[in-house]
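The file input.cif comes next; it holds mmCIF, C-alpha atoms.
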```cif
data_work
loop_
_atom_site.label_atom_id
_atom_site.label_comp_id
_atom_site.auth_asym_id
_atom_site.auth_seq_id
_atom_site.Cartn_x
_atom_site.Cartn_y
_atom_site.Cartn_z
CA MET U 1 0.00 0.00 0.00
CA ASN U 2 2.77 2.41 0.95
CA GLU U 3 4.56 1.74 -2.35
CA LEU U 4 1.40 2.57 -4.31
CA ILE U 5 0.95 5.81 -2.33
CA THR U 6 4.61 6.73 -2.95
CA ILE U 7 4.22 6.13 -6.67
CA ILE U 8 1.06 8.28 -6.87
CA TRP U 9 2.73 11.00 -4.81
CA LEU U 10 5.83 10.97 -7.04
CA GLY U 11 3.54 11.17 -10.08
CA GLY U 12 1.99 14.32 -8.60
CA LEU U 13 5.45 15.77 -7.99
CA LEU U 14 6.37 14.94 -11.60
CA PHE U 15 3.38 16.91 -12.83
CA PHE U 16 4.22 19.85 -10.55
CA THR U 17 7.85 19.84 -11.75
CA GLY U 18 6.75 19.75 -15.38
CA GLY U 19 4.35 22.60 -14.71
CA SER U 20 7.04 24.74 -13.10
CA ILE U 21 9.52 24.09 -15.93
CA GLY U 22 6.79 24.85 -18.47
CA ILE U 23 5.90 28.16 -16.83
CA LEU U 24 9.56 29.16 -16.96
CA ARG U 25 10.41 27.95 -20.45
CA PHE U 26 7.36 28.43 -22.66
CA PRO U 27 7.68 31.42 -24.99
CA ASP U 28 4.66 33.64 -24.32
CA PHE U 29 1.71 34.45 -22.08
CA TYR U 30 -0.82 31.99 -23.52
CA ALA U 31 1.62 29.11 -23.77
CA ARG U 32 2.75 29.62 -20.17
CA LEU U 33 -0.84 29.42 -18.95
CA HIS U 34 -1.11 25.95 -20.46
CA PRO U 35 1.25 24.25 -17.94
CA ALA U 36 0.06 26.57 -15.17
CA GLY U 37 -3.55 25.47 -15.61
CA LYS U 38 -3.25 21.84 -16.60
CA LEU U 39 -0.26 20.41 -14.80
CA ASP U 40 -1.03 22.02 -11.45
CA THR U 41 -4.55 20.61 -11.56
CA ALA U 42 -3.26 17.14 -12.38
CA GLY U 43 -0.46 17.41 -9.84
CA GLN U 44 -2.70 18.41 -6.97
CA PHE U 45 -5.13 15.64 -7.90
CA LEU U 46 -2.42 12.99 -7.63
CA ALA U 47 -0.72 14.49 -4.58
CA LEU U 48 -3.92 14.96 -2.59
CA SER U 49 -5.29 11.53 -3.51
CA ALA U 50 -2.03 10.07 -2.25
CA VAL U 51 -2.53 11.91 1.03
CA ALA U 52 -6.16 10.75 1.19
CA LEU U 53 -5.10 7.13 0.62
CA TYR U 54 -2.42 7.48 3.30
CA VAL U 55 -4.96 8.81 5.77
CA LEU U 56 -7.43 6.04 4.88
CA GLN U 57 -4.97 3.30 5.82
CA ASP U 58 -6.53 2.85 9.25
CA LEU U 59 -10.19 3.19 8.39
CA SER U 60 -12.44 4.97 10.87
CA LEU U 61 -15.06 7.72 10.72
CA HIS U 62 -12.48 10.35 11.57
CA THR U 63 -10.01 9.42 8.84
CA PHE U 64 -12.86 8.94 6.38
CA LEU U 65 -14.01 12.53 7.00
CA THR U 66 -10.46 13.81 6.55
CA ALA U 67 -10.15 11.94 3.25
CA ALA U 68 -13.55 13.24 2.12
CA LYS U 69 -12.42 16.81 2.81
CA LEU U 70 -9.26 16.22 0.78
CA ILE U 71 -11.31 14.88 -2.11
CA LEU U 72 -13.59 17.95 -1.84
CA ILE U 73 -10.51 20.17 -2.15
CA VAL U 74 -9.52 18.23 -5.28
CA ILE U 75 -12.98 18.71 -6.77
CA PHE U 76 -13.05 22.44 -6.03
CA VAL U 77 -9.58 23.00 -7.46
CA TYR U 78 -10.69 21.02 -10.52
CA ILE U 79 -13.52 23.51 -10.99
CA THR U 80 -11.74 26.73 -10.08
CA GLY U 81 -8.21 26.20 -11.42
CA PRO U 82 -9.06 25.77 -15.11
CA THR U 83 -11.71 28.49 -14.80
CA ALA U 84 -9.11 30.91 -13.45
CA THR U 85 -6.78 30.05 -16.33
CA HIS U 86 -9.67 30.61 -18.73
CA ALA U 87 -10.34 34.02 -17.18
CA ILE U 88 -6.67 34.99 -17.44
CA VAL U 89 -6.59 34.00 -21.13
CA ASP U 90 -9.74 36.06 -21.66
CA ALA U 91 -8.09 39.03 -20.01
CA GLY U 92 -5.04 38.57 -22.24
CA VAL U 93 -7.22 38.54 -25.37
CA ARG U 94 -8.98 41.70 -24.19
CA ALA U 95 -5.65 43.39 -23.53
CA VAL U 96 -4.66 42.49 -27.13
CA ILE U 97 -1.61 40.41 -26.26
CA GLU U 98 -0.41 38.84 -29.50
CA PRO U 99 0.26 35.09 -29.47
CA TRP U 100 3.78 33.95 -30.14
CA VAL U 101 4.55 32.60 -33.64
CA GLN U 102 7.61 30.70 -34.71
CA PRO U 103 10.10 33.25 -36.02
CA GLU U 104 10.64 31.77 -39.50
CA ARG U 105 6.89 31.57 -40.16
CA ARG U 106 6.30 35.19 -39.27
CA THR U 107 5.24 37.09 -42.40
CA MET L 1 18.81 65.56 -0.97
CA LYS L 2 19.02 61.90 -1.81
CA SER L 3 22.12 61.39 0.30
CA ALA L 4 20.43 63.19 3.21
CA ALA L 5 17.43 60.86 2.89
CA LEU L 6 19.76 57.86 2.74
CA ALA L 7 21.58 59.07 5.85
CA ILE L 8 18.30 59.48 7.72
CA VAL L 9 17.13 56.03 6.66
CA ILE L 10 20.41 54.40 7.69
CA LEU L 11 20.40 56.28 10.99
CA LEU L 12 16.80 55.28 11.78
CA GLY L 13 17.39 51.70 10.68
CA GLY L 14 20.47 51.48 12.85
CA LEU L 15 18.58 52.95 15.78
CA LEU L 16 15.73 50.44 15.36
CA THR L 17 18.19 47.56 15.09
CA TYR L 18 20.00 48.78 18.20
CA VAL L 19 16.72 49.07 20.13
CA SER L 20 15.60 45.62 19.01
CA LEU L 21 18.61 44.17 20.84
CA ASP L 22 16.80 44.96 24.07
CA PHE L 23 13.78 42.86 23.11
CA PRO L 24 13.21 39.69 25.10
CA SER L 25 14.22 36.65 23.10
CA TRP L 26 11.66 34.70 21.09
CA GLY L 27 9.25 32.75 23.29
CA ASP L 28 10.94 33.86 26.51
CA PRO L 29 8.66 32.83 29.43
CA ALA L 30 10.15 35.64 31.54
CA ALA L 31 9.22 38.33 29.00
CA PRO L 32 6.77 40.97 30.27
CA ALA L 33 4.17 39.97 27.68
CA SER L 34 4.19 36.38 28.93
CA ARG L 35 4.10 37.27 32.61
CA HIS L 36 1.36 39.87 32.75
CA VAL L 37 -2.07 38.49 31.79
CA SER L 38 -1.30 35.65 29.37
CA PRO L 39 -1.00 32.91 32.05
CA ARG L 40 -4.34 33.95 33.47
CA TYR L 41 -6.03 33.67 30.05
CA ILE L 42 -4.39 30.33 29.38
CA GLU L 43 -5.39 28.89 32.75
CA LYS L 44 -8.85 30.36 33.28
CA THR L 45 -10.42 30.76 29.82
CA LEU L 46 -11.96 27.32 29.62
CA THR L 47 -13.43 27.41 33.12
CA GLU L 48 -14.65 31.00 32.87
CA THR L 49 -16.12 31.07 29.36
CA SER L 50 -16.25 27.43 28.19
CA VAL L 51 -14.57 28.49 24.94
CA PRO L 52 -11.72 26.20 23.86
CA ASN L 53 -10.23 28.77 21.47
CA ILE L 54 -8.43 31.22 23.75
CA VAL L 55 -7.91 33.74 20.96
CA THR L 56 -11.64 34.04 20.35
CA ALA L 57 -12.34 34.39 24.06
CA VAL L 58 -9.77 37.16 24.45
CA LEU L 59 -10.99 38.90 21.30
CA ALA L 60 -14.69 38.93 21.96
CA ASP L 61 -15.01 38.56 25.71
CA TYR L 62 -12.02 39.78 27.74
CA ARG L 63 -11.24 42.55 25.27
CA GLY L 64 -14.73 43.06 23.94
CA TYR L 65 -14.46 46.84 23.90
CA ASP L 66 -11.48 46.66 21.56
CA THR L 67 -13.33 44.46 19.09
CA MET L 68 -16.47 46.58 19.30
CA PHE L 69 -14.56 49.69 18.32
CA GLU L 70 -12.78 47.73 15.58
CA THR L 71 -16.21 46.97 14.17
CA ILE L 72 -17.09 50.63 14.46
CA VAL L 73 -13.89 51.55 12.60
CA ILE L 74 -14.95 49.27 9.75
CA PHE L 75 -18.40 50.86 9.83
CA ALA L 76 -16.73 54.28 9.69
CA ALA L 77 -14.80 53.12 6.62
CA ALA L 78 -18.10 52.32 4.92
CA VAL L 79 -19.56 55.69 5.87
CA ALA L 80 -16.44 57.51 4.64
CA CYS L 81 -16.58 55.64 1.36
CA LEU L 82 -20.25 56.55 1.01
CA ILE L 83 -19.60 60.24 1.66
CA LEU L 84 -16.49 60.48 -0.53
CA LEU L 85 -17.45 58.39 -3.53
CA ARG L 86 -21.20 58.15 -3.85
CA VAL L 87 -22.71 60.29 -6.60
CA PHE L 88 -26.28 61.03 -5.61
CA ARG L 89 -27.32 63.03 -8.67
CA ARG L 90 -29.03 60.99 -11.34
CA MET L 91 -26.37 61.02 -14.04
CA GLN L 92 -27.71 60.43 -17.55
CA ALA L 93 -24.76 62.16 -19.22
CA ARG L 94 -23.32 59.10 -20.91
CA GLN L 95 -24.95 57.14 -23.67
CA VAL L 96 -26.65 53.87 -22.82
CA MET L 97 -26.53 50.63 -24.80
CA TYR L 98 -29.24 47.99 -24.97
CA ARG L 99 -29.24 44.68 -26.79
CA HIS L 100 -32.43 43.53 -28.47
CA THR L 101 -32.19 39.91 -27.45
CA PRO L 102 -34.28 38.20 -30.21
CA SER L 103 -32.42 39.85 -33.08
CA GLY L 104 -29.06 40.37 -31.38
CA ILE L 105 -28.93 44.00 -32.51
CA THR L 106 -27.23 46.50 -30.20
CA LEU L 107 -29.04 49.80 -29.80
CA ILE L 108 -27.20 52.90 -28.64
CA PHE L 109 -29.38 55.48 -26.92
CA ALA L 110 -28.11 59.01 -27.12
CA GLU L 111 -28.06 61.35 -24.18
CA GLY L 112 -31.56 62.19 -22.97
CA ALA L 113 -33.31 59.52 -25.05
CA VAL L 114 -36.33 57.60 -23.74
CA LEU L 115 -35.08 54.25 -22.46
CA PRO L 116 -37.05 51.05 -23.08
CA PRO L 117 -38.89 49.55 -20.10
CA GLU L 118 -37.38 46.68 -18.15
CA SER L 119 -38.22 43.46 -19.99
CA ASN L 120 -36.69 40.27 -21.30
CA VAL L 121 -36.62 41.69 -24.82
CA PHE L 122 -34.18 44.51 -24.16
CA GLU L 123 -31.07 43.78 -22.14
CA ARG L 124 -28.92 46.64 -20.96
CA ILE L 125 -25.21 46.18 -21.66
CA ASP L 126 -22.31 48.11 -20.25
CA LEU L 127 -20.23 50.52 -22.27
CA ASP L 128 -16.84 49.50 -20.88
CA TRP L 129 -17.35 46.13 -19.29
CA VAL L 130 -17.53 43.07 -21.53
CA PRO L 131 -19.37 40.27 -19.70
CA GLN L 132 -17.33 37.21 -18.81
CA SER L 133 -17.71 34.03 -20.80
CA VAL L 134 -20.27 31.41 -19.84
CA VAL L 135 -17.53 29.16 -18.40
CA ILE L 136 -16.57 31.73 -15.79
CA LYS L 137 -20.19 32.61 -15.00
CA THR L 138 -21.14 28.97 -14.44
CA ALA L 139 -18.09 28.16 -12.33
CA CYS L 140 -18.64 31.22 -10.15
CA ARG L 141 -22.32 30.37 -9.72
CA LEU L 142 -21.19 26.93 -8.58
CA ILE L 143 -18.54 28.21 -6.16
CA VAL L 144 -20.49 31.07 -4.55
CA PRO L 145 -22.95 28.98 -2.45
CA PHE L 146 -20.15 26.71 -1.18
CA SER L 147 -18.01 29.64 -0.15
CA GLN L 148 -20.99 31.17 1.64
CA ILE L 149 -21.62 27.95 3.56
CA PHE L 150 -17.93 27.85 4.45
CA ALA L 151 -18.17 31.46 5.65
CA LEU L 152 -21.12 30.62 7.91
CA TYR L 153 -19.10 27.68 9.27
CA VAL L 154 -16.15 29.98 9.96
CA ILE L 155 -18.40 32.42 11.83
CA ALA L 156 -20.21 29.78 13.85
CA HIS L 157 -17.14 27.69 14.60
CA GLY L 158 -14.98 30.54 15.83
CA HIS L 159 -15.11 29.13 19.36
CA HIS L 160 -13.40 25.89 18.48
CA SER L 161 -11.13 26.58 15.53
CA PRO L 162 -9.44 29.56 13.93
CA GLY L 163 -12.07 31.86 12.52
CA GLY L 164 -14.72 34.20 13.75
CA GLY L 165 -16.76 37.14 12.63
CA PHE L 166 -14.11 39.08 10.74
CA GLN L 167 -12.84 36.18 8.69
CA GLY L 168 -16.28 34.73 7.96
CA GLY L 169 -17.62 38.15 7.05
CA VAL L 170 -14.78 38.70 4.60
CA ILE L 171 -15.44 35.32 2.96
CA LEU L 172 -19.16 36.13 2.69
CA GLY L 173 -18.36 39.50 1.15
CA ALA L 174 -15.84 37.91 -1.23
CA SER L 175 -18.48 35.48 -2.48
CA VAL L 176 -20.75 38.37 -3.48
CA ILE L 177 -17.80 40.23 -5.01
CA LEU L 178 -16.97 37.10 -7.01
CA PHE L 179 -20.54 37.12 -8.31
CA ALA L 180 -20.18 40.80 -9.23
CA LEU L 181 -16.92 40.13 -11.06
CA SER L 182 -18.28 37.22 -13.05
CA HIS L 183 -21.62 38.84 -13.87
CA THR L 184 -22.35 42.55 -14.05
CA LEU L 185 -22.54 45.09 -11.28
CA ARG L 186 -26.23 45.81 -11.97
CA ASN L 187 -27.01 42.12 -11.50
CA THR L 188 -25.34 42.27 -8.12
CA ILE L 189 -27.05 45.47 -7.03
CA ALA L 190 -30.41 43.95 -8.03
CA ARG L 191 -29.70 41.14 -5.53
CA PHE L 192 -27.84 43.12 -2.89
CA SER L 193 -29.07 46.69 -2.96
CA GLU L 194 -27.35 49.69 -1.45
CA LYS L 195 -30.07 50.05 1.16
CA LEU L 196 -29.55 46.45 2.23
CA ALA L 197 -25.76 46.90 2.41
CA VAL L 198 -25.91 50.05 4.52
CA GLY L 199 -28.68 48.58 6.66
CA LEU L 200 -26.66 45.46 7.35
CA CYS L 201 -23.59 47.56 8.28
CA VAL L 202 -25.70 49.34 10.85
CA LEU L 203 -27.38 46.12 11.99
CA GLY L 204 -24.05 44.40 12.63
CA VAL L 205 -22.73 47.21 14.82
CA PHE L 206 -26.13 47.44 16.50
CA ILE L 207 -26.10 43.72 17.38
CA TYR L 208 -22.69 44.11 19.00
CA ALA L 209 -23.45 47.29 20.92
CA GLY L 210 -26.98 46.09 21.75
CA THR L 211 -25.65 42.87 23.26
CA GLY L 212 -23.48 45.03 25.47
CA LEU L 213 -26.47 47.13 26.45
CA VAL L 214 -28.60 44.09 27.28
CA CYS L 215 -25.81 42.96 29.62
CA LEU L 216 -26.06 46.25 31.44
CA ARG L 217 -28.10 45.36 34.48
CA PRO L 218 -27.46 45.78 38.21
CA GLY L 219 -24.20 44.16 39.21
CA SER L 220 -22.76 43.62 35.76
CA ASN L 221 -20.78 45.71 33.31
CA TYR L 222 -21.20 46.61 29.67
CA LEU L 223 -20.36 43.58 27.47
CA ASP L 224 -20.28 41.25 30.50
CA TYR L 225 -22.03 38.34 28.81
CA SER L 226 -22.61 36.37 32.00
CA ALA L 227 -25.51 38.77 32.67
CA LEU L 228 -27.26 37.19 29.66
CA ALA L 229 -27.70 33.94 31.60
CA PRO L 230 -31.30 34.53 32.78
CA LEU L 231 -32.35 35.66 29.29
CA LEU L 232 -30.81 32.65 27.51
CA ARG L 233 -31.75 30.23 30.34
CA LEU L 234 -28.13 29.10 30.66
CA ASP L 235 -25.58 29.10 33.44
CA PRO L 236 -23.28 32.17 33.43
CA VAL L 237 -20.30 30.30 31.93
CA ALA L 238 -22.28 28.98 28.97
CA ALA L 239 -23.88 32.41 28.60
CA ARG L 240 -20.45 33.94 28.04
CA SER L 241 -19.85 31.46 25.24
CA MET L 242 -23.24 32.27 23.69
CA GLY L 243 -22.59 35.99 24.06
CA ILE L 244 -19.38 35.61 22.08
CA LEU L 245 -21.32 33.83 19.34
CA ILE L 246 -23.96 36.58 19.16
CA VAL L 247 -21.28 39.24 18.96
CA GLU L 248 -19.39 37.32 16.27
CA ILE L 249 -22.55 37.11 14.20
CA GLY L 250 -22.91 40.88 14.45
CA VAL L 251 -19.28 41.38 13.41
CA GLY L 252 -19.75 38.98 10.48
CA ILE L 253 -22.82 40.82 9.20
CA ALA L 254 -21.11 44.20 9.48
CA VAL L 255 -17.89 43.09 7.80
CA MET L 256 -19.74 41.37 4.94
CA ALA L 257 -21.91 44.41 4.23
CA VAL L 258 -18.95 46.80 4.43
CA MET L 259 -16.89 44.68 2.00
CA ILE L 260 -19.69 44.60 -0.56
CA HIS L 261 -20.46 48.28 -0.08
CA LEU L 262 -16.81 49.30 -0.57
CA TYR L 263 -16.52 47.10 -3.65
CA ILE L 264 -19.64 48.45 -5.33
CA ASN L 265 -18.72 52.07 -4.63
CA ILE L 266 -15.12 51.76 -5.79
CA ALA L 267 -15.85 49.61 -8.84
CA SER L 268 -18.48 51.99 -10.20
CA ALA L 269 -16.81 55.21 -8.95
CA GLY L 270 -19.90 55.82 -6.80
CA ARG L 271 -22.37 55.87 -9.68
CA HIS L 272 -23.74 52.34 -9.13
CA ASP L 273 -24.50 51.92 -12.81
CA GLU L 274 -21.75 49.78 -14.26
CA GLY L 275 -18.67 48.25 -12.73
CA VAL L 276 -15.11 47.48 -13.73
#
```

Render the structure in this file as structure tokens.
Amino acid sequence: MNELITIIWLGGLLFFTGGSIGILRFPDFYARLHPAGKLDTAGQFLALSAVALYVLQDLSLHTFLTAAKLILIVIFVYITGPTATHAIVDAGVRAVIEPWVQPERRT
Amino acid sequence: MKSAALAIVILLGGLLTYVSLDFPSWGDPAAPASRHVSPRYIEKTLTETSVPNIVTAVLADYRGYDTMFETIVIFAAAVACLILLRVFRRMQARQVMYRHTPSGITLIFAEGAVLPPESNVFERIDLDWVPQSVVIKTACRLIVPFSQIFALYVIAHGHHSPGGGFQGGVILGASVILFALSHTLRNTIARFSEKLAVGLCVLGVFIYAGTGLVCLRPGSNYLDYSALAPLLRLDPVAARSMGILIVEIGVGIAVMAVMIHLYINIASAGRHDEGV
């Protein structure tokens, strides 16, 4: 059980690391929001489910409630995180930020 | 001039650093702050007020005056915002836009034109503010009730866990502000009018001060909640706990209304017609 939890947790960390590298290395505003929105959502899903599984190891009402709260956090971040990214992209479009194009294709 | 400013800053910084050497070390049990009243609060709070969260007990019971005037300061902020920003004249100087919903045509009404009556056919749209997309509207509609329930929990559970009136009131206000950001300001004012906001500011302060007044009977002081015991049919210790709850509810109402009031006034520059 502990091995499974470790693997899920490391998967979450992998997503977080990829997200951080993506935010630093992608070329422009819109592309940077892609790792910021997607990988953080996936990473927190895996990391928090690992924590929930760890808590659920000795099953009782108390630990079940803790795990349920963790799952609720996951659900709310699933709703709000991508929505926030969507709103930021909207704001960028309204502020007329031009998307990045590959230099040789620029006409 | 710059070098003089730099000299003053360095001098003051050095002075502050030098003075800070005289501070008691971190967590020192012999420090004056730890010797004066803190041990009494830590030892007696549970037996005197039956509130497990010492911070809440100190905030709303032992130092109730302080918190009451904090609430009044927040109320004063709302009043100042109302006086400074609110435009009371009916301003029809700018043009107004309506969308004819069935055909999708946007109509621009010039200054002084006769506006169409409120109906489902004509929908007023803002000049500056483009409404958010349906994704954001739906997600905010989904989040707002949950955050309000969480705010009520924070207010009601202030005795046992971190929280209380100020925090819960801010979360309640933030939920309405989130609605205003995702929809339009007119939508929000239709649900939470200015009269309601100002009334709730007053009501919150009134609940706090009124609780203190009700306590004022022979043999007990202002804001001494144990005097509420005969009214609530509780023993004096439990009455102090209940008194804290009543006061926290008042603080929560006041803070929520002030947050919303400040947001609406600042976002619309006091005109209450269209927001950011």

**OP:** Give as a list in words the residues that the PyMOL selection byres ((chain U) within 7 of (chain L)) matches when applied to the coordinates above.
**Re:**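 When the PyMOL selection byres ((chain U) within 7 of (chain L)) is applied, the selected residues are Ile79, Thr80, Thr83 and Ala87 of chain U.
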
Subject >> Spatial neighbours of stretch 231-248 of chain L, max dist 6 Å, only C-alpha atoms, sep filter under 3 positions, as a ChimeraX atom specification >> reply: /L:48-49,60,165,208,225-226,228,251

Subject >> Counting all atoms listed in the file, the residue of U:Ala68, U:Leu39, U:Ile73, U:Ala50 that sits nearest U:Phe15 >> reply: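 For U:Phe15, the nearest of the given residues is U:Leu39.
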
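Take atom CA of U:Ala84 and atom CA of L:Val255: the distance between them is 26.0 Å.
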
**OP:** Could you give me, as a ChimeraX atom specification, the residues that sit within 8 Å of (2.2, 17.2, -10.8) in the file's coordinates, counting all atoms listed in the file?
**Re:** /U:11-19,39-44,46-47

Subject >> Non-local contacts of L:Leu185 (9 Å; all atoms listed in the file; under 3 positions in same chain excluded) as JSON, numbers by chain >> reply: {"L": [179, 180, 181, 188, 189, 190, 264, 267, 268, 272, 273, 274, 275, 276]}

**OP:** Fewer than 2 positions away in the same chain doesn't count, so skip those; otherwise give me all residues within 10 Å of L:Thr45, counting only C-alpha atoms, as a PyMOL selection string.
**Re:** chain L and resi 39-43+47-55+57-58+61-62

Subject >> Using all atoms listed in the file: which of L:Ala110, L:Leu223, L:Val134, L:Val154 has the shortest distance to L:Gly210 >> reply: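 Ranked by minimum distance to L:Gly210, first place goes to L:Leu223.
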
**OP:** Kindly give the distance, in Å, that separates atom CA of U:Asp28 and atom CA of U:Pro99, rounded to a single decimal.
**Re:**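 Spanning atom CA of U:Asp28 to atom CA of U:Pro99 is a straight-line distance of 6.9 Å.
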
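A straight line drawn from atom CA of L:Ile260 to atom CA of U:Thr85 is 25.0 Å long.
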
Original post:
Given the choices L:Arg86, L:His160, L:Arg186, L:His100, which gets closest to L:Pro131 if the distance is worked out from only C-alpha atoms?
Top reply: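 Looking at the shortest contact to L:Pro131, the residue is L:Arg186.
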
Original post:
Which residues come within 10 Å of L:Leu115, counting only C-alpha atoms, excluding same-chain residues fewer than 5 positions away, as number ranges by chain?
Top reply: L: 96-98, 109-110, 122, 124

Subject >> Contacts of L:Gly173 within 7 Å, only C-alpha atoms, excl. fewer than 2 positions in-chain, as a VMD selection string >> reply: chain L and resid 169 to 171 175 to 177 256 to 257 259 to 260

Original post:
With all atoms listed in the file as the atoms that count, which of U:Asp58, U:Pro27, U:Thr6, U:Ala67 lies nearest to U:Gln102?
Top reply: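 Ranked by minimum distance to U:Gln102, first place goes to U:Pro27.
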
3 Å per side around stretch 250-263 of chain L: axis-aligned box centre and edge lengths, as JSON:
```
{"center_x": -19.7, "center_y": 44.1, "center_z": 5.4, "size_x": 12.4, "size_y": 16.3, "size_z": 24.1}
```

Original post:
Which of these, L:Cys215, L:Val114, L:Leu262, L:Leu6, has the shortest distance to L:Val79 once you count all atoms listed in the file?
Top reply: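 The answer is L:Leu262, which sits nearest to L:Val79.
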
Some atoms are missing, so please complete stretch 66-78 of chain U with N, CA and C atoms and return it as a PDB file, in the frame of the given file.
```
ATOM      1  N   THR U  66     -11.636  13.078   7.028  1.00  0.00           N
ATOM      2  CA  THR U  66     -10.460  13.810   6.550  1.00  0.00           C
ATOM      3  C   THR U  66     -10.246  13.553   5.057  1.00  0.00           C
ATOM      4  N   ALA U  67     -10.342  12.275   4.660  1.00  0.00           N
ATOM      5  CA  ALA U  67     -10.150  11.940   3.250  1.00  0.00           C
ATOM      6  C   ALA U  67     -11.216  12.597   2.392  1.00  0.00           C
ATOM      7  N   ALA U  68     -12.467  12.626   2.901  1.00  0.00           N
ATOM      8  CA  ALA U  68     -13.550  13.240   2.120  1.00  0.00           C
ATOM      9  C   ALA U  68     -13.275  14.727   1.918  1.00  0.00           C
ATOM     10  N   LYS U  69     -12.739  15.385   2.965  1.00  0.00           N
ATOM     11  CA  LYS U  69     -12.420  16.810   2.810  1.00  0.00           C
ATOM     12  C   LYS U  69     -11.325  17.001   1.764  1.00  0.00           C
ATOM     13  N   LEU U  70     -10.333  16.097   1.779  1.00  0.00           N
ATOM     14  CA  LEU U  70      -9.260  16.220   0.780  1.00  0.00           C
ATOM     15  C   LEU U  70      -9.821  16.066  -0.625  1.00  0.00           C
ATOM     16  N   ILE U  71     -10.726  15.089  -0.781  1.00  0.00           N
ATOM     17  CA  ILE U  71     -11.310  14.880  -2.110  1.00  0.00           C
ATOM     18  C   ILE U  71     -12.133  16.097  -2.514  1.00  0.00           C
ATOM     19  N   LEU U  72     -12.823  16.724  -1.536  1.00  0.00           N
ATOM     20  CA  LEU U  72     -13.590  17.950  -1.840  1.00  0.00           C
ATOM     21  C   LEU U  72     -12.661  19.049  -2.340  1.00  0.00           C
ATOM     22  N   ILE U  73     -11.475  19.162  -1.688  1.00  0.00           N
ATOM     23  CA  ILE U  73     -10.510  20.170  -2.150  1.00  0.00           C
ATOM     24  C   ILE U  73     -10.134  19.896  -3.595  1.00  0.00           C
ATOM     25  N   VAL U  74      -9.881  18.599  -3.908  1.00  0.00           N
ATOM     26  CA  VAL U  74      -9.520  18.230  -5.280  1.00  0.00           C
ATOM     27  C   VAL U  74     -10.610  18.675  -6.243  1.00  0.00           C
ATOM     28  N   ILE U  75     -11.875  18.383  -5.869  1.00  0.00           N
ATOM     29  CA  ILE U  75     -12.980  18.710  -6.770  1.00  0.00           C
ATOM     30  C   ILE U  75     -13.064  20.226  -6.987  1.00  0.00           C
ATOM     31  N   PHE U  76     -12.926  20.992  -5.883  1.00  0.00           N
ATOM     32  CA  PHE U  76     -13.050  22.440  -6.030  1.00  0.00           C
ATOM     33  C   PHE U  76     -11.910  23.013  -6.848  1.00  0.00           C
ATOM     34  N   VAL U  77     -10.688  22.491  -6.647  1.00  0.00           N
ATOM     35  CA  VAL U  77      -9.580  23.000  -7.460  1.00  0.00           C
ATOM     36  C   VAL U  77      -9.781  22.590  -8.916  1.00  0.00           C
ATOM     37  N   TYR U  78     -10.384  21.421  -9.145  1.00  0.00           N
ATOM     38  CA  TYR U  78     -10.690  21.020 -10.520  1.00  0.00           C
ATOM     39  C   TYR U  78     -11.644  22.007 -11.174  1.00  0.00           C
TER      40      TYR U  78
END
```
